[in-house]
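Text of run.txt (compact mmCIF, C-alpha atoms) as supplied:
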# COMPACT_ATOMS: atom_id res chain seq x y z
CA MET A 124 3.20 -0.89 23.67
CA ARG A 125 4.12 -1.10 20.01
CA LYS A 126 2.37 -3.72 17.97
CA THR A 127 2.40 -5.03 14.44
CA ARG A 128 -1.03 -4.92 12.86
CA ILE A 129 -0.60 -7.75 10.37
CA PHE A 130 1.36 -10.92 9.84
CA ALA A 131 0.70 -13.46 7.10
CA ALA A 132 0.53 -17.15 7.97
CA LEU A 133 2.93 -19.34 6.04
CA ALA A 134 0.32 -20.23 3.44
CA ALA A 135 -1.89 -17.14 3.75
CA THR A 136 -0.67 -14.28 1.59
CA THR A 137 -3.50 -11.89 2.39
CA ALA A 138 -3.24 -9.83 5.60
CA LEU A 139 -6.24 -10.09 7.89
CA ALA A 140 -7.65 -7.82 10.58
CA LEU A 141 -9.86 -9.42 13.18
CA ALA A 142 -13.25 -7.89 13.87
CA GLY A 143 -14.25 -7.44 17.49
CA CYS A 144 -15.62 -10.39 19.41
CA THR A 145 -19.01 -10.07 20.96
CA GLY A 146 -19.46 -10.67 24.63
CA GLY A 147 -18.01 -9.29 27.82
CA GLY A 148 -14.59 -7.96 28.69
CA PRO A 149 -11.56 -9.80 30.03
CA SER A 150 -12.52 -12.46 32.52
CA SER A 151 -9.50 -14.72 32.81
CA SER A 152 -9.33 -16.60 36.04
CA ASP A 153 -7.28 -15.15 38.86
CA GLN A 154 -6.38 -18.68 39.88
CA PRO A 155 -3.27 -20.23 38.32
CA ILE A 156 -3.74 -23.45 36.35
CA ASP A 157 -3.06 -26.48 38.53
CA THR A 158 -0.32 -28.47 36.80
CA ASP A 159 0.63 -30.64 39.80
CA GLY A 160 -1.82 -33.39 38.93
CA THR A 161 -1.57 -36.02 36.23
CA ILE A 162 -1.53 -34.70 32.69
CA GLU A 163 -4.21 -36.77 31.00
CA GLY A 164 -7.33 -36.51 28.90
CA GLU A 165 -8.13 -35.07 25.47
CA ILE A 166 -7.82 -31.64 23.87
CA THR A 167 -7.95 -30.04 20.42
CA PHE A 168 -5.04 -28.14 18.86
CA GLN A 169 -5.75 -25.80 15.93
CA THR A 170 -3.26 -24.40 13.43
CA TRP A 171 -3.71 -21.93 10.58
CA SER A 172 -3.15 -23.14 7.02
CA LEU A 173 -0.38 -25.59 7.93
CA LYS A 174 -1.91 -28.94 7.00
CA ASN A 175 -0.10 -29.88 3.81
CA GLU A 176 2.58 -32.13 2.41
CA LYS A 177 5.33 -29.98 3.88
CA PHE A 178 4.12 -29.46 7.45
CA SER A 179 1.70 -32.30 8.23
CA PRO A 180 4.45 -34.84 9.06
CA TYR A 181 5.90 -32.37 11.56
CA PHE A 182 2.62 -31.93 13.43
CA GLU A 183 1.80 -35.62 13.33
CA GLN A 184 5.18 -36.36 14.94
CA LEU A 185 4.72 -33.54 17.45
CA VAL A 186 1.43 -35.01 18.61
CA LYS A 187 2.88 -38.53 18.72
CA ASP A 188 5.87 -37.40 20.81
CA PHE A 189 3.63 -35.64 23.31
CA GLU A 190 1.24 -38.54 23.66
CA GLU A 191 4.18 -40.91 24.24
CA LYS A 192 5.61 -38.57 26.86
CA TYR A 193 2.24 -38.34 28.60
CA PRO A 194 0.42 -41.68 28.32
CA GLY A 195 -3.33 -41.32 28.63
CA THR A 196 -3.46 -38.11 26.60
CA LYS A 197 -4.98 -37.53 23.17
CA ILE A 198 -4.31 -34.46 21.05
CA ASN A 199 -6.71 -33.85 18.17
CA TRP A 200 -4.90 -31.73 15.62
CA ILE A 201 -7.12 -29.70 13.30
CA ASP A 202 -6.17 -27.06 10.74
CA GLN A 203 -8.16 -24.21 9.23
CA PRO A 204 -7.59 -22.79 5.74
CA GLY A 205 -5.80 -19.47 5.38
CA GLU A 206 -8.80 -17.79 3.81
CA GLY A 207 -11.59 -17.15 6.29
CA TYR A 208 -9.57 -17.88 9.43
CA GLU A 209 -10.65 -14.58 10.92
CA GLN A 210 -14.31 -15.47 10.61
CA LYS A 211 -13.74 -19.04 11.81
CA VAL A 212 -11.96 -17.95 14.99
CA LEU A 213 -14.71 -15.41 15.71
CA GLN A 214 -17.36 -18.04 15.23
CA GLN A 215 -15.55 -20.46 17.53
CA ALA A 216 -15.05 -17.84 20.22
CA ASN A 217 -18.61 -16.54 20.11
CA SER A 218 -20.05 -20.06 20.36
CA ASN A 219 -17.67 -21.06 23.17
CA GLU A 220 -16.04 -23.63 20.89
CA LEU A 221 -12.55 -22.19 20.65
CA PRO A 222 -10.03 -25.08 20.49
CA ASP A 223 -8.10 -25.74 23.69
CA VAL A 224 -4.80 -24.70 22.08
CA VAL A 225 -4.93 -22.36 19.10
CA ASN A 226 -2.52 -20.65 16.71
CA LEU A 227 -3.20 -16.88 16.72
CA PRO A 228 -1.50 -13.79 15.31
CA ASP A 229 -1.33 -10.84 17.69
CA THR A 230 -4.37 -9.02 16.30
CA PHE A 231 -6.58 -12.07 16.81
CA ALA A 232 -5.19 -12.67 20.29
CA TYR A 233 -5.89 -9.06 21.27
CA GLN A 234 -9.56 -9.30 20.39
CA LEU A 235 -10.01 -12.69 22.08
CA ALA A 236 -8.16 -11.54 25.19
CA GLN A 237 -10.42 -8.48 25.36
CA ALA A 238 -13.40 -10.83 25.32
CA GLY A 239 -11.95 -12.98 28.12
CA LYS A 240 -11.41 -15.98 25.88
CA LEU A 241 -7.70 -16.65 26.53
CA VAL A 242 -5.61 -17.80 29.48
CA ASP A 243 -3.17 -15.21 30.81
CA LEU A 244 0.12 -17.06 30.38
CA LYS A 245 1.95 -14.55 32.53
CA LYS A 246 -0.03 -15.93 35.46
CA ALA A 247 -0.09 -19.52 34.28
CA ASP A 248 3.60 -20.04 33.45
CA PRO A 249 6.30 -18.72 35.82
CA GLU A 250 9.05 -19.54 33.28
CA LEU A 251 7.49 -17.47 30.52
CA GLU A 252 9.90 -14.53 30.51
CA ASN A 253 12.97 -16.73 30.97
CA THR A 254 12.13 -18.91 27.99
CA TYR A 255 10.76 -16.73 25.20
CA VAL A 256 12.07 -13.77 23.18
CA ALA A 257 11.12 -10.51 24.89
CA GLY A 258 9.85 -8.89 21.70
CA GLY A 259 7.69 -11.93 21.00
CA LEU A 260 6.10 -11.69 24.45
CA GLU A 261 5.56 -7.97 23.95
CA GLY A 262 3.69 -8.86 20.78
CA TYR A 263 1.06 -10.54 22.96
CA THR A 264 1.10 -7.96 25.76
CA PHE A 265 -1.32 -5.08 25.30
CA ASP A 266 -1.49 -1.68 26.99
CA ASP A 267 -5.13 -1.93 27.99
CA LEU A 268 -4.97 -5.56 29.21
CA ASP A 269 -2.90 -6.93 32.06
CA GLY A 270 -1.33 -10.19 30.94
CA THR A 271 0.44 -12.08 28.16
CA TRP A 272 -1.84 -13.99 25.83
CA ALA A 273 0.24 -16.37 23.69
CA TYR A 274 3.53 -18.19 23.53
CA PRO A 275 5.69 -16.70 20.75
CA TRP A 276 5.97 -19.41 18.10
CA TYR A 277 7.36 -18.56 14.68
CA LEU A 278 8.57 -15.00 14.21
CA GLY A 279 9.59 -12.80 11.32
CA THR A 280 11.71 -9.71 10.97
CA ASP A 281 12.98 -7.53 8.14
CA LEU A 282 16.54 -7.06 7.04
CA ASP A 283 17.99 -4.36 4.79
CA TRP A 284 18.81 -5.59 1.29
CA TRP A 285 21.18 -3.78 -1.06
CA ASN A 286 22.18 -4.12 -4.70
CA MET A 287 25.84 -3.56 -3.95
CA THR A 288 27.03 -4.10 -7.52
CA GLU A 289 24.97 -1.11 -8.59
CA LEU A 290 25.71 1.03 -5.55
CA LYS A 291 29.48 0.54 -5.72
CA GLU A 292 29.47 2.29 -9.09
CA TYR A 293 28.41 5.43 -7.22
CA GLY A 294 30.72 5.26 -4.22
CA VAL A 295 28.77 3.13 -1.75
CA ASP A 296 31.23 0.39 -0.80
CA ALA A 297 29.31 -1.05 2.16
CA PRO A 298 25.70 -0.98 3.40
CA PRO A 299 24.87 2.09 5.51
CA THR A 300 24.81 1.39 9.24
CA SER A 301 22.69 4.32 10.42
CA HIS A 302 19.63 6.28 9.35
CA GLU A 303 21.74 9.41 8.89
CA GLU A 304 24.26 7.62 6.67
CA TRP A 305 21.46 6.15 4.54
CA ILE A 306 19.88 9.60 4.01
CA ALA A 307 23.23 11.10 2.99
CA LYS A 308 24.21 8.23 0.69
CA ALA A 309 20.77 8.19 -0.97
CA LYS A 310 21.15 11.84 -1.96
CA GLU A 311 24.72 11.32 -3.17
CA VAL A 312 23.77 8.33 -5.32
CA ALA A 313 20.79 10.19 -6.79
CA GLU A 314 23.04 13.08 -7.75
CA LYS A 315 25.91 10.97 -9.13
CA SER A 316 23.57 8.75 -11.13
CA GLY A 317 21.50 11.58 -12.48
CA GLY A 318 18.43 10.26 -10.68
CA LYS A 319 18.71 6.78 -12.23
CA VAL A 320 19.58 4.88 -9.03
CA HIS A 321 17.33 5.12 -5.99
CA MET A 322 18.22 4.17 -2.43
CA ALA A 323 14.80 5.10 -1.06
CA SER A 324 12.09 2.71 -2.16
CA SER A 325 8.85 3.56 -0.39
CA LEU A 326 6.86 6.34 1.24
CA PRO A 327 7.35 6.75 4.98
CA THR A 328 4.94 4.97 7.31
CA THR A 329 4.25 5.37 11.01
CA ALA A 330 6.73 2.52 11.48
CA ASP A 331 9.46 4.97 10.46
CA PHE A 332 8.46 7.02 13.48
CA THR A 333 8.35 4.16 15.97
CA GLU A 334 11.59 2.69 14.63
CA ASN A 335 13.17 6.02 15.57
CA GLY A 336 11.76 5.92 19.09
CA ILE A 337 8.67 8.09 18.54
CA ASP A 338 5.48 6.91 20.25
CA LEU A 339 2.34 7.19 18.16
CA MET A 340 0.02 7.58 21.14
CA LYS A 341 -0.06 9.46 24.42
CA ASP A 342 -2.74 9.06 27.08
CA GLY A 343 -4.88 6.96 24.75
CA LYS A 344 -4.78 9.43 21.85
CA PHE A 345 -2.68 9.63 18.71
CA ALA A 346 0.06 12.23 19.14
CA PHE A 347 2.64 11.66 16.41
CA ASN A 348 2.53 15.27 15.17
CA THR A 349 5.74 16.10 17.01
CA PRO A 350 8.87 18.00 15.95
CA GLU A 351 10.73 14.68 15.87
CA ALA A 352 8.17 13.17 13.47
CA GLU A 353 8.23 16.34 11.36
CA LYS A 354 12.01 15.97 11.00
CA ILE A 355 11.71 12.38 9.76
CA LEU A 356 8.91 13.14 7.33
CA GLN A 357 10.84 16.15 6.01
CA GLU A 358 13.84 13.89 5.36
CA PHE A 359 11.65 11.72 3.10
CA VAL A 360 10.25 14.79 1.35
CA ASP A 361 13.80 15.95 0.69
CA LEU A 362 14.77 12.50 -0.62
CA TYR A 363 11.85 12.50 -3.02
CA GLN A 364 12.56 15.98 -4.28
CA ALA A 365 16.25 15.12 -4.68
CA GLY A 366 15.35 12.25 -7.01
CA ALA A 367 16.41 9.56 -4.53
CA MET A 368 12.95 7.94 -4.63
CA PRO A 369 11.07 6.74 -7.74
CA ALA A 370 8.19 8.96 -8.77
CA GLU A 371 5.89 5.94 -9.03
CA THR A 372 5.88 5.51 -5.25
CA LEU A 373 3.17 8.21 -5.27
CA ASN A 374 0.86 6.65 -7.84
CA GLY A 375 -1.38 3.65 -8.19
CA ASP A 376 1.25 1.68 -10.13
CA TYR A 377 3.44 1.29 -7.03
CA ALA A 378 4.06 -2.44 -6.64
CA GLY A 379 5.91 -2.33 -3.33
CA ASN A 380 9.55 -1.88 -2.47
CA ALA A 381 10.55 -5.54 -2.76
CA ALA A 382 8.97 -5.86 -6.21
CA MET A 383 10.68 -2.66 -7.36
CA PHE A 384 13.98 -4.07 -6.13
CA THR A 385 13.62 -7.28 -8.15
CA GLN A 386 12.62 -5.16 -11.15
CA GLY A 387 15.85 -3.16 -10.84
CA LYS A 388 14.04 0.11 -10.13
CA VAL A 389 15.57 0.61 -6.68
CA ALA A 390 18.84 -0.51 -5.11
CA TYR A 391 17.52 -0.86 -1.55
CA THR A 392 14.59 -2.61 0.07
CA THR A 393 13.53 -4.18 3.34
CA ALA A 394 12.35 -7.79 3.45
CA THR A 395 12.47 -10.96 5.52
CA PRO A 396 15.16 -13.62 5.00
CA SER A 397 12.77 -15.51 2.71
CA PHE A 398 13.28 -12.67 0.19
CA VAL A 399 16.01 -14.92 -1.17
CA THR A 400 13.28 -17.18 -2.57
CA GLN A 401 11.59 -14.24 -4.28
CA LEU A 402 14.88 -13.18 -5.81
CA SER A 403 15.54 -16.72 -7.01
CA ASP A 404 12.13 -16.82 -8.67
CA ASP A 405 11.85 -13.27 -10.03
CA ALA A 406 15.42 -12.05 -10.56
CA PRO A 407 17.96 -14.89 -10.31
CA SER A 408 20.57 -12.83 -12.15
CA MET A 409 20.62 -10.41 -9.20
CA LEU A 410 21.57 -12.97 -6.55
CA ASP A 411 25.30 -12.30 -6.87
CA ASP A 412 24.71 -8.54 -6.62
CA VAL A 413 22.69 -8.59 -3.41
CA GLU A 414 23.88 -8.20 0.16
CA PRO A 415 21.72 -8.30 3.31
CA SER A 416 22.54 -6.33 6.45
CA PRO A 417 20.96 -5.76 9.86
CA ARG A 418 18.32 -3.07 10.14
CA PHE A 419 20.02 0.13 11.24
CA MET A 420 16.88 1.20 13.10
CA THR A 421 14.66 -0.89 15.37
CA PRO A 422 13.98 -4.14 13.48
CA PRO A 423 10.26 -4.84 13.10
CA LEU A 424 8.88 -8.02 14.61
CA PHE A 425 6.05 -10.04 13.09
CA VAL A 426 4.56 -12.64 15.40
CA GLN A 427 2.58 -15.85 15.34
CA GLY A 428 1.76 -17.44 18.66
CA ILE A 429 0.03 -20.32 20.40
CA SER A 430 -2.67 -19.46 22.92
CA VAL A 431 -4.66 -21.48 25.45
CA SER A 432 -8.44 -21.14 25.54
CA GLN A 433 -9.94 -19.83 28.76
CA ASP A 434 -12.91 -22.15 28.12
CA SER A 435 -10.81 -25.33 27.92
CA LYS A 436 -12.24 -28.14 30.02
CA ASN A 437 -8.72 -29.50 30.51
CA PRO A 438 -6.56 -26.40 31.03
CA ALA A 439 -3.64 -28.27 32.62
CA LEU A 440 -3.25 -30.51 29.57
CA ALA A 441 -3.80 -27.57 27.19
CA LEU A 442 -1.10 -25.51 28.90
CA GLU A 443 1.35 -28.41 28.94
CA PHE A 444 0.85 -29.08 25.25
CA ALA A 445 1.19 -25.38 24.37
CA LYS A 446 4.52 -25.30 26.22
CA PHE A 447 5.62 -28.52 24.52
CA ALA A 448 4.75 -27.27 21.04
CA THR A 449 6.71 -24.08 21.63
CA ASN A 450 9.70 -25.46 23.50
CA ASN A 451 13.14 -24.81 22.07
CA ASP A 452 13.71 -28.15 20.35
CA ASN A 453 10.32 -28.23 18.67
CA GLN A 454 10.55 -24.61 17.54
CA VAL A 455 13.98 -25.19 15.99
CA GLU A 456 12.65 -28.19 14.07
CA PHE A 457 9.67 -26.20 12.86
CA VAL A 458 11.67 -23.31 11.40
CA LYS A 459 13.88 -25.79 9.59
CA LEU A 460 10.75 -26.32 7.50
CA ALA A 461 9.55 -22.71 7.66
CA ARG A 462 12.75 -21.30 6.21
CA GLY A 463 13.19 -17.57 6.75
CA PHE A 464 11.25 -17.54 10.00
CA LEU A 465 12.77 -17.63 13.49
CA PRO A 466 11.82 -19.45 16.69
CA GLY A 467 10.21 -17.62 19.58
CA THR A 468 12.67 -18.96 22.17
CA LYS A 469 15.69 -17.14 23.51
CA ALA A 470 17.95 -20.19 23.36
CA ALA A 471 17.37 -20.79 19.65
CA ASN A 472 18.11 -17.22 18.61
CA GLU A 473 21.27 -17.23 20.70
CA ASN A 474 22.44 -20.27 18.69
CA PRO A 475 21.68 -19.47 15.04
CA GLU A 476 23.85 -22.35 13.80
CA ALA A 477 21.08 -24.74 14.89
CA ILE A 478 18.52 -22.72 12.94
CA VAL A 479 20.49 -22.65 9.68
CA GLU A 480 21.45 -26.32 9.83
CA GLY A 481 20.57 -27.89 6.52
CA ILE A 482 20.19 -24.62 4.57
CA GLU A 483 22.12 -25.14 1.35
CA ASP A 484 21.73 -21.62 -0.03
CA PRO A 485 24.55 -19.50 1.51
CA LEU A 486 22.65 -16.23 0.98
CA LEU A 487 19.59 -17.56 2.84
CA ALA A 488 21.80 -18.93 5.62
CA GLU A 489 23.50 -15.55 6.00
CA ALA A 490 20.14 -13.76 6.07
CA VAL A 491 18.74 -16.08 8.74
CA LYS A 492 21.84 -15.57 10.90
CA ILE A 493 21.52 -11.79 10.60
CA ALA A 494 17.83 -11.99 11.50
CA ALA A 495 18.60 -14.10 14.57
CA SER A 496 21.32 -11.67 15.64
CA GLN A 497 18.86 -8.77 15.76
CA MET A 498 16.01 -10.65 17.41
CA ASP A 499 16.98 -9.38 20.85
CA ARG A 500 16.19 -5.82 19.73
CA ALA A 501 13.30 -6.52 17.34
CA LYS A 502 9.92 -5.07 18.32
CA GLY A 503 6.48 -4.54 16.90
CA THR A 504 6.67 -1.14 15.25
CA GLU A 505 3.01 -0.35 14.65
CA TYR A 506 -0.07 -0.08 16.83
CA ILE A 507 -3.16 -2.26 16.79
CA GLN A 508 -5.27 0.89 17.22
CA PHE A 509 -3.86 2.31 13.97
CA ASN A 510 -6.16 0.62 11.47
CA ASP A 511 -6.08 0.39 7.69
CA ASP A 512 -8.45 3.32 7.19
CA MET A 513 -6.22 5.53 9.31
CA ASN A 514 -3.17 4.35 7.42
CA LYS A 515 -4.79 5.14 4.07
CA PHE A 516 -5.53 8.70 5.20
CA PHE A 517 -2.02 9.08 6.61
CA GLN A 518 -0.48 7.94 3.33
CA GLY A 519 -2.60 10.47 1.47
CA GLN A 520 -1.29 13.25 3.66
CA VAL A 521 2.28 12.03 3.15
CA ALA A 522 1.76 12.15 -0.62
CA LEU A 523 0.58 15.75 -0.36
CA ALA A 524 3.72 16.66 1.57
CA MET A 525 5.92 14.88 -0.98
CA GLN A 526 4.38 16.93 -3.77
CA GLY A 527 4.74 20.19 -1.86
CA LYS A 528 0.97 20.58 -1.55
CA ALA A 529 1.15 20.56 2.24
CA THR A 530 3.86 21.17 4.80
CA VAL A 531 4.96 18.23 6.88
CA LYS A 532 3.36 19.86 9.93
CA GLU A 533 0.06 20.29 8.10
CA ALA A 534 0.18 16.67 6.94
CA LEU A 535 0.88 15.29 10.41
CA ASP A 536 -1.68 17.55 12.13
CA ALA A 537 -4.36 16.45 9.66
CA ALA A 538 -3.49 12.77 10.10
CA VAL A 539 -3.52 12.93 13.90
CA ASP A 540 -6.83 14.80 13.89
CA TYR A 541 -8.40 12.21 11.55
CA CYS A 542 -7.10 9.23 13.56
CA ASN A 543 -8.31 10.61 16.89
CA LYS A 544 -11.78 11.32 15.48
CA ALA A 545 -11.85 7.72 14.24
CA LEU A 546 -11.09 6.50 17.77
CA ASP A 547 -14.21 8.15 19.19

Would it be possible to restate this file's structure as structure tokens?
Amino acid sequence: MRKTRIFAALAATTALALAGCTGGGPSSSDQPIDTDGTIEGEITFQTWSLKNEKFSPYFEQLVKDFEEKYPGTKINWIDQPGEGYEQKVLQQANSNELPDVVNLPDTFAYQLAQAGKLVDLKKADPELENTYVAGGLEGYTFDDLDGTWAYPWYLGTDLDWWNMTELKEYGVDAPPTSHEEWIAKAKEVAEKSGGKVHMASSLPTTADFTENGIDLMKDGKFAFNTPEAEKILQEFVDLYQAGAMPAETLNGDYAGNAAMFTQGKVAYTTATPSFVTQLSDDAPSMLDDVEPSPRFMTPPLFVQGISVSQDSKNPALALEFAKFATNNDNQVEFVKLARGFLPGTKAANENPEAIVEGIEDPLLAEAVKIAASQMDRAKGTEYIQFNDDMNKFFQGQVALAMQGKATVKEALDAAVDYCNKALD
């Protein structure tokens, strides 16, 4: 199962990777949660870096609405800062003090599910698959664990962004709609512009493999040194050598493809719908030049979810509140505040007009609609097992191939060998 390794919370700009929980393996109950009785009692609901002037009124109203719907209940909403959330969740889990309902990215949920700290929602909620976006559920479904471990809450995905004013000068009248067209156009633009305009803006990652349908692993081992992966990596090598990619993508000054786009160094990037805000702040003069389009490969999916603690002393209430917080109406209202993100429900993404209601910026509204339209095919495009150390080594091998210091086969063989040794 493909997985994203990182996803920033709304107010947390630094990506986190959760360390392993101590304790035993999965131990979720085989018995479904009894929801036939009265929903009553008290639980704690924890969010991640969302208690502020913008979001606090939403959560206060959410809690009030639930308590009015279910008299005799009390929901204690707490929030943890963005920095240190990883350590806080670990501490809570290891001391059996995990909140009854808790906001978790997929990496955190994976570790807690491994330790038997989360309720398997696939068992607990028979309407799960009918209600939530398939890719969002896949984000909380892991190959080595049987179950689904969070309700998809707010989701992100990348679009393709193009500086069409610049590209039209060199014969590109519309955004490419396929990988093959992009490769061809990038070479043409590089040639026509004398290497001044670049349509490739970053080194390839393993996501470029998975977006093209290549599995990174086979039988529990990394196995992405395939002819198909060699072909894709060779295409990037050819782009670089044809001048379609800035030379600085290989050095320590590389600021990232979105930053290079706003700086006018590349005419193509990938970014979420909220990229409109970055453009408005960093390069407002470019707003009229820019056009978003759907990803022509598998769109990546970044997930935040809401999980239920296996140790909750009131699991029926916890489950009911988790469902309430992530139902369609409440998710739609939340993303009206979290502009650029999408709800985790099927119904909302099938009706993007409700999501964009109130958005005054036409470019942002267009981007959100495009993102919603591709949500049914968006998937996590990286693997939890592929950690940052592995990625750093992989990128080093890619750089060698770009410079002609290694063949693409040598680069991929070395990367796979290194990653598999790191698994042992």

Select from region 397-507 of chain A every residue with an atom at most 10 Å from any atom of region 223-245 of chain A, then for each give the shortest pair of atoms and their distance in Å to one decimal, using only C-alpha atoms, rows by chain and rising number, as CSV.
residue,atom,partner,partner_atom,distance
A:Phe425,CA,A:Pro228,CA,8.7
A:Val426,CA,A:Pro228,CA,6.2
A:Gln427,CA,A:Pro228,CA,4.6
A:Gly428,CA,A:Leu227,CA,5.4
A:Ile429,CA,A:Asn226,CA,4.5
A:Ser430,CA,A:Val225,CA,5.3
A:Val431,CA,A:Val224,CA,4.7
A:Ser432,CA,A:Leu241,CA,4.7
A:Gln433,CA,A:Leu241,CA,4.5
A:Asp434,CA,A:Lys240,CA,6.7
A:Ser435,CA,A:Asp223,CA,5.0
A:Lys436,CA,A:Asp223,CA,7.9
A:Asn437,CA,A:Asp223,CA,7.8
A:Pro438,CA,A:Asp223,CA,7.5
A:Leu440,CA,A:Asp223,CA,9.0
A:Ala441,CA,A:Asp223,CA,5.8
A:Leu442,CA,A:Val224,CA,7.8
A:Glu443,CA,A:Val224,CA,9.9
A:Phe444,CA,A:Val224,CA,7.8
A:Ala445,CA,A:Val224,CA,6.4
A:Ala448,CA,A:Val224,CA,9.9
A:Tyr506,CA,A:Thr230,CA,9.9
A:Ile507,CA,A:Thr230,CA,6.9

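The space separating CA of Met368 (chain A) from CA of Ala323 (chain A) comes to 4.9 Å.
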
Please provide as a ChimeraX atom specification all residues within 10 Å of Tyr181 (chain A), with the sequence filter that same-chain residues fewer than 4 positions apart are discarded (counting only C-alpha atoms). /A:173-174,176-177,185-187,453,456-457,460

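Between CA of Gly294 (chain A) and CA of Ala367 (chain A) the interatomic distance comes to 14.9 Å.
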
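Going from CA of Thr400 (chain A) to CA of Val312 (chain A) covers 27.7 Å.
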
Considering all atoms listed in the file, can you say which of A:Pro369, A:Asn380, A:Phe345, A:Gly279 comes closest to Ser397 (chain A)?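 Nearest candidate to Ser397 (chain A) out of A:Pro369, A:Asn380, A:Phe345, A:Gly279: A:Gly279.
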
With distances taken over all atoms listed in the file, which residue among A:Ala495, A:Ile201, A:Leu251, A:Ala490 lies nearest Ile166 (chain A)?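 Closest to Ile166 (chain A) of all the choices is A:Ile201.
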
So which residues touch Asp281 (chain A) within 12 Å, counting all atoms listed in the file, skipping near sequence neighbours fewer than 5 positions away, as JSON, numbers by chain? {"A": [381, 392, 393, 394, 395, 396, 397, 398, 415, 416, 417, 418, 419, 420, 421, 422, 423, 424, 425, 463, 464, 465, 490, 491, 493, 494, 495, 496, 497, 498, 501, 502, 503, 504]}

May I have the centre and edge lengths, in Å to one decimal, of an axis-aligned box around the listed atoms of region 453-465 of chain A with 6 Å added to every side, as AutoDock Vina command-line options?
--center_x 11.8 --center_y -22.9 --center_z 12.4 --size_x 16.4 --size_y 22.7 --size_z 24.5

For Glu303 (chain A), which residue among A:Gln210, A:Ser325, A:Thr349, A:Asn335 is the nearest when counting only C-alpha atoms? A:Asn335
